[in-house]
Amino acid sequence: MLPAPEPDTRGDQAEVADDTTHTVRPGETLTGIAQEHYGDPAKYRAVAQASKDTEQPGGGRLLDPDHIKPGWILTLPHPAQQPGADFAAHQEAAESSHATEPQPSSEPPNDLAPASGSGDEPTDRVEGDATMPGSTGVRPDSPWTTLSPQDKVQSFIEPNGDGAGQADVPSQETNQDAPAWLLPGVAAGGALLAAGLHMTLTRARSRQARLRRPGRMVAQTPRDLVPVIATARFVGGDRTADVQRLDRLLRALAGPHLTSGDPRPQLAAVELADDQAVLHLAAPATLPEPWSGDATRWTAPLAAAPDECRDLVPYPVLVTIGTDQAGHVWLLDLENLRTVAVTGQSEDVVAFGRHVVAELAVNPWTVNLTTHTVGVGKGAAGLSQYRVEEHEDTGFLGPITTYVRHSADEAPEGEDHEWFHAVVTTTANEELSALSAAIHAHPGRPSTVIVTLGVAPRPDDIVLAIQDGRLRVEVPEAGLALDLVPVAMSAEELADCGRLVELTRDTADVANPLADAIAGRAPLADDLKPAIQVTHRPDDPETPGGPGSILPGADAEYLTKTANTAEDLARLAPIVQPAVAEPAAQPANGDRDEPARDQATTDATLDQDLADWWNQDTPRPRIEVLGPVSMWGAGPTITNPKPSVDQAVKAVAERRPMFVLLAAFIAMHPQGVTLEQIELVNGGYANDARFRITTLRAYFGDRPNGGPFIPLGKPGRPKADAPPRRHRIEGALVDAHLFRRLYQRAIQRGADGLPDLVAALELVSGRPFTLPKDDPRWLWATGDEGLADQYTALIGDVAHLVITRAILDKDLPLARRACQTWRACDPASEALAADDRLVTLAEGHPDQAQQIAAELWTRNDDETGPTGPGERTLQILDAHDHGTLHATARQTETDAD
């Protein structure tokens, strides 16, 4: 919902009876209350448990955390004394919806990125109708709307499981049970490559989202690359923190040595065991805390890593080689080995080399390393802007050899080099031999390593032997004799990973089908087509847009006083006139009657649906996706319910995340979904899907006319040539649908549409489709269909329009509230920053406004460092010079006086 004008007044929004209670106000949710008081929406269970025995005003009690009423007094247990999460109706905890993604969240964007919240969050809010004007925004080729056998993306749960969504990534040796989208090569080696790829994609996706222009959206991932992003998210997401902690541990340990001149600990290998990092040194050393051990073996908890470390990278060629029988992941410092020969069957050796090349391209500690490939790693250059170079031959080796020899002569004991090189090749020749000789002749740190694949080992090479699916390597100095399952990666996997990273580096945004449909730029389904006609804004920037536009003023005013470009105005605020079904006879004098504007606003049930959304006592099902996903049904509130309803309420309580997913999936596809589609998304077989639909139908209860919200099918055997039956939720309330309908009506109402835009923002509680932990079963929304990205962009567009109007109307509290709602949904947006800057200045805080502008130049979401603001932002900054902005601020202060 739309927040209060100032961040520090949240405590004033809800009356607090005393230190341990909270009085509910209209529109609040248990998760929002938990977020406010504990900083964690998942604490709603503790509040519900502590409040369930309290007799509320009017005689009721909190029996269902999805259903709270204004005026109720909730008990807020002390954080140290919170009861267990055993509230019967919501006993299903986040573990039951476990999958492997860090935040949007904050994926991303995305696509990764993606968001914290709760997949089984309760809500007392009421939702918008599932049948709504406008297209669904679903991709025409989505497997959820047009299924074919080759399009099936299997659910990441056991077919006969409980549907809880527990992620259990199979090992490389047992991947026959892996989900269809899983890329085994990316997931191999303890998923460190997947984690590095996830960080790379998240960073690139964040930059795409930052530079998205109003009325546009981030480009969707091509369908054939969805497995790459899914594997990175759901396999690498949980491993990302471990990789980052290992990086910081090693930087803190040895990075200072590079500037002090002291020798680094001579690292041979790292063993990642559970939550610990074990260092195996090539020479005895004494390490400081948090390291414990002696001689050549030292251990530290990954959690002991500093929160931040800016020291230089000490071991840039550290890379995963495989896993042992205990499941421990092993990384070798290839630089310490100097030259490495990988032997075995050609296919196995090259697959191993591909994985090494890919990981060296994305690990956080390879920022000053270039990996050169010859005969292997085609497509790997796409993984990085500079870390991988693909070569046809070894002609590039000359300058590297010269540098190694030069450093041996000039700084033989030097530890710090400006750059490092790894050469991974299937070719051996005199040039390679010359480099090898220079490396081994160097008395100190040569800064270069050679890895040969399938080439006869030289006498000085350390041999990694792959045979019968095992990798064996000995490092006598560290006392290691390893027998591992080697990492491996197919040529197709590597090429797809490189292609996806290249695509995400492209910051060009694309048309948002939701925005285009609402603004009349794209056709809608015939039965939902709004009666509007769209015309362009006046060519003359001094001519007002008039009452037919949501921005009725002249372009010149918006360009100089708000954060808009001419392109923004044309895209977001066209001039809309009601369509005339049949040409009417014109008066003899040639004058044309202006049709009444309310003829264009034909959504007759919108106001009632919106009222029901905020009505605590409505019996209509509610599905919330514009923030933490949630649902509510009337089943728990039915007096003297039938046994089927009791059973449904119990089933939903036990497997709530699964039923929230099912309800959202059906509701977000108003055209209906088939049993096969439900099976693919929700898991299970046809009988499981039928049982879940039946359960959800009973949980939602019946409509006032007596029929169920999920209609029953026709009895009897269907005809052989009949289309498959589609399941729908009729009359339910969905916040996303209400949002779109309000935006649609606002555009239709033109200058009078601002209240609808504000009402739309009131529906937003966070990033769309926020989950407690990202779940592969939600790929239809967060990945394939792009709904999360579409609605995120749409919310930003609505907030931008509200801010634009509020700045000129001098309604700064409204502008601030819109900024806050936008930030909760898409905090990295540069368009938001530009708006926030002007609002902050108008509020009389020029220093803060200047800081916001300065931060636009330092956002580090590119591999090469900060790239500065985008072209649109620079255009806006140029349009608002320092004097004009201060004049605006002074004028605002004068008006306030």
# chains A, B, ... in the order shown; residues from 1 in each chain; ligands from 1
$ residues_around --residues "Thr792 (chain A)" --least-positions-apart "2" --cutoff "8 Å" --atoms "only C-alpha atoms" --output "VMD selection string"
chain A and resid 767 to 768 788 to 790 794 to 796 825 to 826
$ residues_around --residues "Arg537 (chain A)" --least-positions-apart "6" --cutoff "12 Å" --atoms "only C-alpha atoms" --output "list in words"
Thr543, Pro544, Gly545, Gly546, Pro547, Gly548, Ser549, Ile550, Leu551, Pro552, Gly553, Ala554, Asp555, Ala556, Ala566, Glu567, Asp568, Leu569, Ala570, Arg571, Leu572, Ala573, Pro574, Ile575 and Val576 of chain A
$ closest_residue --among "A:Ile666, A:Asp516, A:Gln851, A:Ala252" --to "Asp307 (chain A)" --atoms "only C-alpha atoms"
A:Ala252
$ select_by_dssp --residues "region 727-870 of chain A" --states "strand (DSSP E or B)" --output "NGL selection string"
:A and (727 or 733-734 or 770)
$ write_last_selection --atoms "all heavy atoms" --output "PDB file, in the first residue's frame"
ATOM      1  N   HIS A 727      -9.540 -24.382 -16.269  1.00  0.00           N
ATOM      2  CA  HIS A 727      -9.991 -24.030 -14.926  1.00  0.00           C
ATOM      3  C   HIS A 727      -9.769 -22.541 -14.696  1.00  0.00           C
ATOM      4  O   HIS A 727      -8.721 -22.004 -15.016  1.00  0.00           O
ATOM      5  CB  HIS A 727      -9.229 -24.856 -13.890  1.00  0.00           C
ATOM      6  CG  HIS A 727      -9.464 -26.328 -14.019  1.00  0.00           C
ATOM      7  ND1 HIS A 727     -10.483 -26.983 -13.381  1.00  0.00           N
ATOM      8  CD2 HIS A 727      -8.789 -27.269 -14.729  1.00  0.00           C
ATOM      9  CE1 HIS A 727     -10.441 -28.275 -13.691  1.00  0.00           C
ATOM     10  NE2 HIS A 727      -9.417 -28.465 -14.509  1.00  0.00           N
ATOM     11  N   LEU A 733     -10.685 -11.697  -6.339  1.00  0.00           N
ATOM     12  CA  LEU A 733     -10.057 -10.394  -6.321  1.00  0.00           C
ATOM     13  C   LEU A 733      -8.551 -10.582  -6.402  1.00  0.00           C
ATOM     14  O   LEU A 733      -7.959 -11.271  -5.574  1.00  0.00           O
ATOM     15  CB  LEU A 733     -10.424  -9.642  -5.040  1.00  0.00           C
ATOM     16  CG  LEU A 733     -11.935  -9.371  -4.876  1.00  0.00           C
ATOM     17  CD1 LEU A 733     -12.255  -9.033  -3.435  1.00  0.00           C
ATOM     18  CD2 LEU A 733     -12.372  -8.247  -5.802  1.00  0.00           C
ATOM     19  N   VAL A 734      -7.930  -9.956  -7.401  1.00  0.00           N
ATOM     20  CA  VAL A 734      -6.488 -10.071  -7.618  1.00  0.00           C
ATOM     21  C   VAL A 734      -5.913  -8.665  -7.690  1.00  0.00           C
ATOM     22  O   VAL A 734      -6.354  -7.849  -8.502  1.00  0.00           O
ATOM     23  CB  VAL A 734      -6.173 -10.846  -8.917  1.00  0.00           C
ATOM     24  CG1 VAL A 734      -4.675 -11.055  -9.069  1.00  0.00           C
ATOM     25  CG2 VAL A 734      -6.912 -12.182  -8.946  1.00  0.00           C
ATOM     26  N   THR A 770       6.971 -11.465  -4.793  1.00  0.00           N
ATOM     27  CA  THR A 770       8.005 -11.659  -3.789  1.00  0.00           C
ATOM     28  C   THR A 770       7.766 -12.970  -3.049  1.00  0.00           C
ATOM     29  O   THR A 770       6.655 -13.251  -2.606  1.00  0.00           O
ATOM     30  CB  THR A 770       8.010 -10.486  -2.790  1.00  0.00           C
ATOM     31  OG1 THR A 770       8.388  -9.293  -3.473  1.00  0.00           O
ATOM     32  CG2 THR A 770       8.990 -10.740  -1.661  1.00  0.00           C
TER      33      THR A 770
END
$ closest_residue --among "A:Leu197, A:Val228, A:Val473, A:Leu877" --to "Trp330 (chain A)" --atoms "only C-alpha atoms"
A:Val473
$ closest_atom_pairs --of "region 187-249 of chain A" --to "region 345-365 of chain A" --cutoff "7 Å" --atoms "only C-alpha atoms" --output "JSON lines"
{"residue": "A:Leu193", "atom": "CA", "partner": "A:Glu359", "partner_atom": "CA", "distance": 5.1}
{"residue": "A:Gly196", "atom": "CA", "partner": "A:Val362", "partner_atom": "CA", "distance": 5.0}
{"residue": "A:Leu197", "atom": "CA", "partner": "A:Val362", "partner_atom": "CA", "distance": 5.9}
{"residue": "A:Thr200", "atom": "CA", "partner": "A:Val362", "partner_atom": "CA", "distance": 6.5}
{"residue": "A:Asp247", "atom": "CA", "partner": "A:Trp365", "partner_atom": "CA", "distance": 6.3}
$ closest_residue --among "A:Ala815, A:Ala438, A:Ile693, A:Ala380" --to "Arg338 (chain A)" --atoms "only C-alpha atoms"
A:Ala438
$ residues_around --residues "Thr54 (chain A)" --least-positions-apart "2" --cutoff "12 Å" --atoms "only C-alpha atoms" --output "ChimeraX atom specification"
/A:21,47-52,56-63,72-76
$ closest_residue --among "A:Thr299, A:Thr448, A:Thr873, A:Asn615" --to "Thr370 (chain A)" --atoms "only C-alpha atoms"
A:Thr448
$ residues_around --residues "Ala269 (chain A)" --least-positions-apart "6" --cutoff "6 Å" --atoms "only C-alpha atoms" --output "JSON, numbers by chain"
{"A": [280, 331, 332, 333]}
$ select_by_dssp --residues "region 213-311 of chain A" --states "alpha helix (DSSP H)" --output "MDAnalysis selection string"
chainID A and resid 226:234 240:260
$ closest_residue --among "A:Ile400, A:Ala230, A:Ala824, A:Ile747" --to "Arg777 (chain A)" --atoms "only C-alpha atoms"
A:Ala230
$ residues_around --residues "region 423-431 of chain A" --least-positions-apart "3" --cutoff "6 Å" --atoms "only C-alpha atoms" --output "PyMOL selection string"
chain A and resi 371-375+434+450-453
$ write_last_selection --atoms "C-alpha atoms" --output "compact mmCIF listing (two decimals), in the first residue's frame"
# COMPACT_ATOMS: atom_id res chain seq x y z
CA THR A 371 42.04 -16.43 -19.39
CA HIS A 372 43.25 -17.16 -22.92
CA THR A 373 41.76 -20.18 -24.69
CA VAL A 374 42.97 -22.12 -27.70
CA GLY A 375 40.91 -25.03 -29.02
CA ALA A 434 58.97 -20.98 -24.28
CA ILE A 450 49.38 -22.87 -18.31
CA VAL A 451 46.71 -25.58 -18.43
CA THR A 452 47.05 -28.06 -21.28
CA LEU A 453 44.18 -30.35 -22.20
$ residues_around --residues "Pro621 (chain A)" --least-positions-apart "3" --cutoff "8 Å" --atoms "only C-alpha atoms" --output "number ranges by chain"
A: 126-127, 631-634, 700, 709, 731-733
$ residues_around --residues "Leu503 (chain A)" --least-positions-apart "2" --cutoff "12 Å" --atoms "only C-alpha atoms" --output "list in words"
Thr200, Leu201, Ala204, Arg205, Gln208, Val218, Ala219, Gln220, Thr221, Pro222, Leu225, Ile229, Gly382, Leu383, Ser384, Asp496, Cys497, Gly498, Arg499, Leu500, Val501, Arg505, Asp506, Thr507, Ala508 and Asp509 of chain A
$ atom_distance --atom1 "CA of Val24 (chain A)" --atom2 "CA of Pro70 (chain A)"
4.8 Å
$ atom_distance --atom1 "CA of Gly189 (chain A)" --atom2 "CA of His328 (chain A)"
9.0 Å
